[in-house]
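S.K.: What follows is a single structure, and I will ask about it in a moment.
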Amino acid sequence: MATYEIATLDGDGIGPEVCQSATTVLAQACGQDLLRFSRHDGGAGHYARTGKVLSDDTFKACKDADAILHGAAGLPGITYPDGTEVGNDLHLQLRFKLDLYANVRPIRLYPGARSPLAGWKPGQIDYVIVRENTEGLYASRGGGIVLRDEVATDTIVITRKGVERVARFSFDLARKRNGAPRDGKRRVTVCDKANILRSYAFFRKVCDEVAAGYPDVELDYAYADAITVHMVKKPDFYDVIVAENMFGDIISDLGAATIGGMGLSASAELGDHHGLFQGSHGSAPDIAGQNVASPFATILSGALMLRWLGEKHQDSALVTAASRVETAVESVLAEGRVLPRDIGGTASCTDITAAVCRQLS
């Protein structure tokens, strides 16, 4: 039996709590020999101590590992001289250095989690946002220009290669899914502003070209402003949404709000050879160390990690473990007795960890 090396980056704020919760659950699901976790430093706190958000040693460990599991990063007041936050740079550097071009963010309403959208029930909201992760407006980070303290510019970057590969990833993902809840159709929605900017018109054009190779998947379009309305009024229409980096970042937070909040929002940042997995929420330093953070998003991100590793290495044990973790989380949420504060409960981080482990056993 293979053993998989998992580099864990606790990070800052609630990061250590939720990351350690996830490793406890994953170890329970997989047994003692399937996964080997190694902890490494990184984040805003590490930058304050050493001057580096991501050390060479930590990067090497992440590059050599089979997968990376991250808690969260960022602390108030710890910024670079240009005013940008240090903590975000931890996973941003890993994204670019490891070419993690597809940020996969499932939006699924679970039993026991109430949507703020009136009348929507579990099973009716179930889609995935695929955010292009290495280009777009965020490619300008660190390279923008502030001229004479009067004019500031950042440049959006859209390449044919970047769009082709994230579009192909999205269509391949749609083929693996069961279609949109509303009508069962496999569908990819291209989110852009092609009506205004040439860069987004190019994004759409390349997506069209890729779509021609997937006649079994319906192609749909939505402007970035309009989709914020549609995601609220008809979330059951969506199956897979693909978007440029910044738009994908924004709409995935909106999607998370419709299923109960960021505490249930998992993510996977994937490339051809590497994968980083973390909850989509921030480091929440105001509640750090109080044992009140919800670990569900990180646990579900860990399940995404197991499934990705299992498919990559054709290891059915990992795929089975991923399904067991997801089922255990669903059971805990559906019972409604052990819920975190962000969805109306009072359970602690350790309470939730123990409840999920009980379901697994």
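In the structure tokens, chains take letters A, B, ... by order of appearance, with residues numbered from 1 within each chain and ligands from 1 in the order shown.
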Please provide the set of residues having any atom within 10 Å of region 328-339 of chain A, restricted to only C-alpha atoms, with same-chain residues fewer than 5 positions apart removed, written as a ChimeraX atom specification.
M.R.: /A:25,29,110-113,294,296,299-300,322-323,344-349,351-361
S.K.: For the selection just defined, write its residues with N, CA, C and O atoms to a file, as a tab-separated table (two decimals), in the first residue's frame.
M.R.:
```tsv
chain	number	residue	atom	x	y	z
A	25	VAL	N	-9.37	14.17	11.20
A	25	VAL	CA	-10.45	13.48	10.49
A	25	VAL	C	-9.90	12.63	9.35
A	25	VAL	O	-10.31	11.47	9.16
A	29	ALA	N	-10.18	8.62	8.71
A	29	ALA	CA	-10.80	8.05	7.52
A	29	ALA	C	-9.87	7.10	6.78
A	29	ALA	O	-10.33	6.12	6.17
A	110	TYR	N	-25.99	21.77	1.97
A	110	TYR	CA	-26.00	20.52	2.72
A	110	TYR	C	-27.24	20.43	3.61
A	110	TYR	O	-27.76	21.45	4.08
A	111	PRO	N	-27.70	19.20	3.90
A	111	PRO	CA	-28.75	19.04	4.91
A	111	PRO	C	-28.28	19.63	6.24
A	111	PRO	O	-27.13	19.47	6.63
A	112	GLY	N	-29.16	20.34	6.92
A	112	GLY	CA	-28.79	20.93	8.21
A	112	GLY	C	-28.24	22.33	8.09
A	112	GLY	O	-28.13	23.03	9.10
A	113	ALA	N	-27.88	22.76	6.90
A	113	ALA	CA	-27.40	24.12	6.69
A	113	ALA	C	-28.49	24.89	5.96
A	113	ALA	O	-28.90	24.52	4.86
A	294	SER	N	-15.26	27.03	12.82
A	294	SER	CA	-15.82	25.86	12.15
A	294	SER	C	-14.75	25.22	11.27
A	294	SER	O	-14.19	25.88	10.39
A	296	PHE	N	-15.41	22.74	9.18
A	296	PHE	CA	-16.07	22.00	8.10
A	296	PHE	C	-15.44	22.28	6.73
A	296	PHE	O	-15.23	21.37	5.93
A	299	ILE	N	-12.15	20.45	6.46
A	299	ILE	CA	-12.39	19.01	6.40
A	299	ILE	C	-12.88	18.62	5.00
A	299	ILE	O	-12.41	17.64	4.40
A	300	LEU	N	-13.83	19.39	4.46
A	300	LEU	CA	-14.34	19.10	3.12
A	300	LEU	C	-13.27	19.32	2.06
A	300	LEU	O	-13.22	18.62	1.04
A	322	ALA	N	-12.52	9.54	0.75
A	322	ALA	CA	-13.10	10.86	0.46
A	322	ALA	C	-14.62	10.82	0.61
A	322	ALA	O	-15.22	11.70	1.23
A	323	SER	N	-15.24	9.80	0.05
A	323	SER	CA	-16.69	9.66	0.15
A	323	SER	C	-17.13	9.48	1.59
A	323	SER	O	-18.17	10.03	2.01
A	344	GLY	N	-25.66	28.71	13.25
A	344	GLY	CA	-26.71	28.67	14.26
A	344	GLY	C	-26.49	27.75	15.44
A	344	GLY	O	-27.39	27.61	16.29
A	345	GLY	N	-25.32	27.10	15.54
A	345	GLY	CA	-25.06	26.20	16.65
A	345	GLY	C	-24.15	26.81	17.70
A	345	GLY	O	-23.84	28.01	17.68
A	346	THR	N	-23.69	25.95	18.61
A	346	THR	CA	-22.79	26.39	19.68
A	346	THR	C	-21.58	25.48	19.81
A	346	THR	O	-20.78	25.63	20.73
A	347	ALA	N	-21.43	24.51	18.90
A	347	ALA	CA	-20.36	23.51	19.03
A	347	ALA	C	-18.99	24.14	18.79
A	347	ALA	O	-18.83	25.04	17.98
A	348	SER	N	-18.01	23.61	19.50
A	348	SER	CA	-16.63	24.06	19.33
A	348	SER	C	-15.98	23.33	18.16
A	348	SER	O	-16.52	22.37	17.61
A	349	CYS	N	-14.80	23.80	17.81
A	349	CYS	CA	-14.03	23.14	16.75
A	349	CYS	C	-13.73	21.69	17.12
A	349	CYS	O	-13.88	20.79	16.29
A	351	ASP	N	-15.45	19.85	19.25
A	351	ASP	CA	-16.72	19.11	19.26
A	351	ASP	C	-17.05	18.59	17.85
A	351	ASP	O	-17.45	17.43	17.68
A	352	ILE	N	-16.89	19.46	16.87
A	352	ILE	CA	-17.22	19.08	15.49
A	352	ILE	C	-16.26	18.01	14.99
A	352	ILE	O	-16.68	17.03	14.35
A	353	THR	N	-14.98	18.17	15.30
A	353	THR	CA	-13.99	17.16	14.90
A	353	THR	C	-14.35	15.80	15.46
A	353	THR	O	-14.34	14.78	14.75
A	354	ALA	N	-14.68	15.77	16.75
A	354	ALA	CA	-15.04	14.50	17.40
A	354	ALA	C	-16.31	13.91	16.80
A	354	ALA	O	-16.40	12.68	16.62
A	355	ALA	N	-17.28	14.77	16.47
A	355	ALA	CA	-18.54	14.27	15.90
A	355	ALA	C	-18.31	13.64	14.54
A	355	ALA	O	-18.89	12.59	14.22
A	356	VAL	N	-17.50	14.28	13.70
A	356	VAL	CA	-17.21	13.72	12.38
A	356	VAL	C	-16.44	12.39	12.53
A	356	VAL	O	-16.72	11.41	11.81
A	357	CYS	N	-15.49	12.34	13.47
A	357	CYS	CA	-14.75	11.10	13.69
A	357	CYS	C	-15.64	9.98	14.19
A	357	CYS	O	-15.47	8.81	13.81
A	358	ARG	N	-16.63	10.32	15.03
A	358	ARG	CA	-17.58	9.30	15.49
A	358	ARG	C	-18.38	8.73	14.33
A	358	ARG	O	-18.60	7.51	14.25
A	359	GLN	N	-18.79	9.59	13.40
A	359	GLN	CA	-19.50	9.11	12.23
A	359	GLN	C	-18.62	8.19	11.38
A	359	GLN	O	-19.10	7.19	10.84
A	360	LEU	N	-17.34	8.53	11.29
A	360	LEU	CA	-16.44	7.70	10.50
A	360	LEU	C	-16.22	6.33	11.12
A	360	LEU	O	-16.02	5.34	10.41
A	361	SER	N	-16.27	6.27	12.43
A	361	SER	CA	-15.99	4.99	13.12
A	361	SER	C	-17.24	4.15	13.29
A	361	SER	O	-17.15	2.99	13.68
```
S.K.: Find the nearest atom pair between each residue of region 101-197 of chain A and region 264-271 of chain A for residues within 10 Å, count only C-alpha atoms, give distances in Å to one decimal, sort rows by chain and ascending number, and present the table as a Markdown table.
M.R.:
```
| residue | atom | partner | partner_atom | distance |
| --- | --- | --- | --- | --- |
| A:Tyr101 | CA | A:Gly271 | CA | 5.5 |
| A:Ala102 | CA | A:Leu270 | CA | 5.1 |
| A:Asn103 | CA | A:Glu269 | CA | 4.3 |
| A:Val104 | CA | A:Ala268 | CA | 5.0 |
| A:Arg105 | CA | A:Ser267 | CA | 4.6 |
| A:Pro106 | CA | A:Ala266 | CA | 6.6 |
| A:Ile107 | CA | A:Ser265 | CA | 7.0 |
| A:Arg108 | CA | A:Ser265 | CA | 8.5 |
| A:Leu109 | CA | A:Leu264 | CA | 9.0 |
| A:Tyr110 | CA | A:Leu264 | CA | 8.8 |
| A:Ala113 | CA | A:Leu264 | CA | 8.9 |
| A:Val128 | CA | A:Ser267 | CA | 9.9 |
| A:Ile129 | CA | A:Ser267 | CA | 9.6 |
| A:Val130 | CA | A:Glu269 | CA | 9.5 |
| A:Arg131 | CA | A:Glu269 | CA | 9.1 |
| A:Glu132 | CA | A:Glu269 | CA | 9.6 |
| A:Asn133 | CA | A:Glu269 | CA | 7.7 |
| A:Arg165 | CA | A:Gly271 | CA | 9.8 |
| A:Val166 | CA | A:Gly271 | CA | 9.8 |
| A:Phe169 | CA | A:Leu270 | CA | 10.0 |
```
S.K.: Skip Trp308 (chain A) itself and residues of its chain fewer than 5 positions away, then list as a ChimeraX atom specification all residues within 12 Å of it, counting only C-alpha atoms.
M.R.: /A:66-68,104,267-277,301-303,313-323
S.K.: Given only C-alpha atoms as the basis, pick out the residue of A:Leu35, A:Cys19, A:Ala256, A:Val210 nearest to Asp172 (chain A).
M.R.: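 Looking at the shortest contact to Asp172 (chain A), the residue is A:Val210.
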S.K.: Taking the backbone alone, and naming residues the way the document does, which bits of region 22-255 of chain A are strand (DSSP E or B) by DSSP, as a ChimeraX atom specification?
M.R.: /A:35-40,67-72,79,85,102-108,126-132,136,145-147,151-153,157,187-192,218-223,240-243
S.K.: Show me, as a list in words, the residues that have an atom within 9 Å of Val232 (chain A) when counting only C-alpha atoms, minus same-chain residues fewer than 3 positions from it.
M.R.: Leu117, Ile227, Thr228, Val229, Pro235, Leu254, Gly255 and Thr258 of chain A
S.K.: When you count only C-alpha atoms, which of these residues is closest to Leu306 (chain A): A:Ala65, A:Val206, A:Ala48, A:Val325?
M.R.: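 Among the listed residues, A:Val325 lies closest to Leu306 (chain A).
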S.K.: Run DSSP on the backbone and grab whatever in region 242-279 of chain A lands in helix (DSSP H, G or I); send it over as a ChimeraX atom specification.
M.R.: /A:245-258,262-264
S.K.: Kindly save the residues from that selection, with C-alpha atoms included, as a short mmCIF file (atom, residue, chain, number, x, y, z; two decimals), in the first residue's frame.
M.R.:
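Everything below was put into out-v1.cif:
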```
data_model
loop_
_atom_site.label_atom_id
_atom_site.label_comp_id
_atom_site.auth_asym_id
_atom_site.auth_seq_id
_atom_site.Cartn_x
_atom_site.Cartn_y
_atom_site.Cartn_z
CA ASN A 245 -9.38 35.07 -11.61
CA MET A 246 -10.96 38.13 -9.96
CA PHE A 247 -14.51 37.43 -11.08
CA GLY A 248 -14.15 33.83 -9.88
CA ASP A 249 -12.95 35.07 -6.50
CA ILE A 250 -15.94 37.37 -6.10
CA ILE A 251 -18.73 35.09 -7.26
CA SER A 252 -17.46 32.11 -5.26
CA ASP A 253 -17.95 34.10 -2.04
CA LEU A 254 -21.48 34.95 -3.14
CA GLY A 255 -22.08 31.28 -3.88
CA ALA A 256 -20.79 30.33 -0.43
CA ALA A 257 -23.22 32.78 1.17
CA THR A 258 -26.15 31.01 -0.52
CA MET A 262 -17.75 30.55 4.11
CA GLY A 263 -17.50 27.98 6.89
CA LEU A 264 -18.87 25.36 4.49
#
```
S.K.: Out of A:Arg95, A:Arg324, A:His46, A:Arg187, which residue has the shortest atom-to-atom distance to Asp12 (chain A) when counting only C-alpha atoms?
M.R.: A:His46
S.K.: Do a neighbour search on Ala44 (chain A) at 7 Å with only C-alpha atoms, toss out local chain neighbours closer than 2 positions, and write the hits as a list in words.
M.R.: Asp12, His46, Tyr47, Ala48, Val53, Ala73, Gly74, Leu75, Ile78, Val86 and Gly87 of chain A
S.K.: For those residues, write all heavy atoms to a file as a PDB file, in the first residue's frame.
M.R.:
```
ATOM      1  N   ASP A  12      -2.015  31.180   9.969  1.00  0.00           N
ATOM      2  CA  ASP A  12      -2.290  32.171  11.010  1.00  0.00           C
ATOM      3  C   ASP A  12      -3.730  32.075  11.503  1.00  0.00           C
ATOM      4  O   ASP A  12      -4.558  31.387  10.925  1.00  0.00           O
ATOM      5  CB  ASP A  12      -2.071  33.583  10.448  1.00  0.00           C
ATOM      6  CG  ASP A  12      -0.717  33.766   9.793  1.00  0.00           C
ATOM      7  OD1 ASP A  12       0.293  33.518  10.473  1.00  0.00           O
ATOM      8  OD2 ASP A  12      -0.675  34.141   8.600  1.00  0.00           O
ATOM      9  N   HIS A  46       4.871  34.115  10.283  1.00  0.00           N
ATOM     10  CA  HIS A  46       6.215  33.676   9.896  1.00  0.00           C
ATOM     11  C   HIS A  46       6.988  34.817   9.243  1.00  0.00           C
ATOM     12  O   HIS A  46       8.189  34.985   9.485  1.00  0.00           O
ATOM     13  CB  HIS A  46       6.099  32.489   8.940  1.00  0.00           C
ATOM     14  CG  HIS A  46       7.401  31.828   8.627  1.00  0.00           C
ATOM     15  ND1 HIS A  46       8.055  32.024   7.429  1.00  0.00           N
ATOM     16  CD2 HIS A  46       8.182  30.993   9.345  1.00  0.00           C
ATOM     17  CE1 HIS A  46       9.173  31.321   7.426  1.00  0.00           C
ATOM     18  NE2 HIS A  46       9.279  30.696   8.575  1.00  0.00           N
ATOM     19  N   TYR A  47       6.292  35.626   8.460  1.00  0.00           N
ATOM     20  CA  TYR A  47       6.932  36.788   7.831  1.00  0.00           C
ATOM     21  C   TYR A  47       7.399  37.785   8.895  1.00  0.00           C
ATOM     22  O   TYR A  47       8.502  38.340   8.804  1.00  0.00           O
ATOM     23  CB  TYR A  47       5.941  37.456   6.883  1.00  0.00           C
ATOM     24  CG  TYR A  47       6.426  38.758   6.284  1.00  0.00           C
ATOM     25  CD1 TYR A  47       7.218  38.767   5.147  1.00  0.00           C
ATOM     26  CD2 TYR A  47       6.072  39.978   6.860  1.00  0.00           C
ATOM     27  CE1 TYR A  47       7.657  39.959   4.586  1.00  0.00           C
ATOM     28  CE2 TYR A  47       6.505  41.176   6.303  1.00  0.00           C
ATOM     29  CZ  TYR A  47       7.299  41.157   5.176  1.00  0.00           C
ATOM     30  OH  TYR A  47       7.732  42.339   4.639  1.00  0.00           O
ATOM     31  N   ALA A  48       6.569  38.005   9.902  1.00  0.00           N
ATOM     32  CA  ALA A  48       6.932  38.947  10.964  1.00  0.00           C
ATOM     33  C   ALA A  48       8.177  38.486  11.715  1.00  0.00           C
ATOM     34  O   ALA A  48       8.981  39.304  12.175  1.00  0.00           O
ATOM     35  CB  ALA A  48       5.764  39.117  11.927  1.00  0.00           C
ATOM     36  N   VAL A  53       7.339  35.105   3.887  1.00  0.00           N
ATOM     37  CA  VAL A  53       6.042  34.482   4.067  1.00  0.00           C
ATOM     38  C   VAL A  53       6.099  32.999   3.706  1.00  0.00           C
ATOM     39  O   VAL A  53       5.359  32.175   4.257  1.00  0.00           O
ATOM     40  CB  VAL A  53       4.969  35.219   3.232  1.00  0.00           C
ATOM     41  CG1 VAL A  53       5.188  35.020   1.744  1.00  0.00           C
ATOM     42  CG2 VAL A  53       3.568  34.774   3.613  1.00  0.00           C
ATOM     43  N   ALA A  73      -4.241  32.015   6.238  1.00  0.00           N
ATOM     44  CA  ALA A  73      -3.103  32.898   6.480  1.00  0.00           C
ATOM     45  C   ALA A  73      -3.544  34.348   6.440  1.00  0.00           C
ATOM     46  O   ALA A  73      -4.479  34.711   5.724  1.00  0.00           O
ATOM     47  CB  ALA A  73      -1.996  32.655   5.450  1.00  0.00           C
ATOM     48  N   GLY A  74      -2.839  35.169   7.229  1.00  0.00           N
ATOM     49  CA  GLY A  74      -3.109  36.603   7.261  1.00  0.00           C
ATOM     50  C   GLY A  74      -3.354  37.091   8.668  1.00  0.00           C
ATOM     51  O   GLY A  74      -4.046  36.430   9.452  1.00  0.00           O
ATOM     52  N   LEU A  75      -2.768  38.236   9.007  1.00  0.00           N
ATOM     53  CA  LEU A  75      -2.966  38.866  10.310  1.00  0.00           C
ATOM     54  C   LEU A  75      -3.107  40.369  10.115  1.00  0.00           C
ATOM     55  O   LEU A  75      -2.443  40.954   9.255  1.00  0.00           O
ATOM     56  CB  LEU A  75      -1.785  38.573  11.245  1.00  0.00           C
ATOM     57  CG  LEU A  75      -1.631  37.129  11.730  1.00  0.00           C
ATOM     58  CD1 LEU A  75      -0.314  36.966  12.469  1.00  0.00           C
ATOM     59  CD2 LEU A  75      -2.798  36.725  12.620  1.00  0.00           C
ATOM     60  N   ILE A  78      -0.132  43.330   9.317  1.00  0.00           N
ATOM     61  CA  ILE A  78       1.104  42.797   8.738  1.00  0.00           C
ATOM     62  C   ILE A  78       0.972  42.890   7.222  1.00  0.00           C
ATOM     63  O   ILE A  78       0.301  42.073   6.578  1.00  0.00           O
ATOM     64  CB  ILE A  78       1.373  41.354   9.193  1.00  0.00           C
ATOM     65  CG1 ILE A  78       1.498  41.305  10.718  1.00  0.00           C
ATOM     66  CG2 ILE A  78       2.649  40.818   8.543  1.00  0.00           C
ATOM     67  CD1 ILE A  78       1.799  39.930  11.277  1.00  0.00           C
ATOM     68  N   VAL A  86       0.241  40.589   3.600  1.00  0.00           N
ATOM     69  CA  VAL A  86       1.289  39.571   3.515  1.00  0.00           C
ATOM     70  C   VAL A  86       0.704  38.167   3.466  1.00  0.00           C
ATOM     71  O   VAL A  86       1.135  37.321   2.679  1.00  0.00           O
ATOM     72  CB  VAL A  86       2.254  39.699   4.715  1.00  0.00           C
ATOM     73  CG1 VAL A  86       3.155  38.464   4.816  1.00  0.00           C
ATOM     74  CG2 VAL A  86       3.098  40.957   4.585  1.00  0.00           C
ATOM     75  N   GLY A  87      -0.300  37.903   4.295  1.00  0.00           N
ATOM     76  CA  GLY A  87      -0.786  36.538   4.446  1.00  0.00           C
ATOM     77  C   GLY A  87      -1.220  35.891   3.148  1.00  0.00           C
ATOM     78  O   GLY A  87      -0.925  34.722   2.886  1.00  0.00           O
TER      79      GLY A  87
END
```
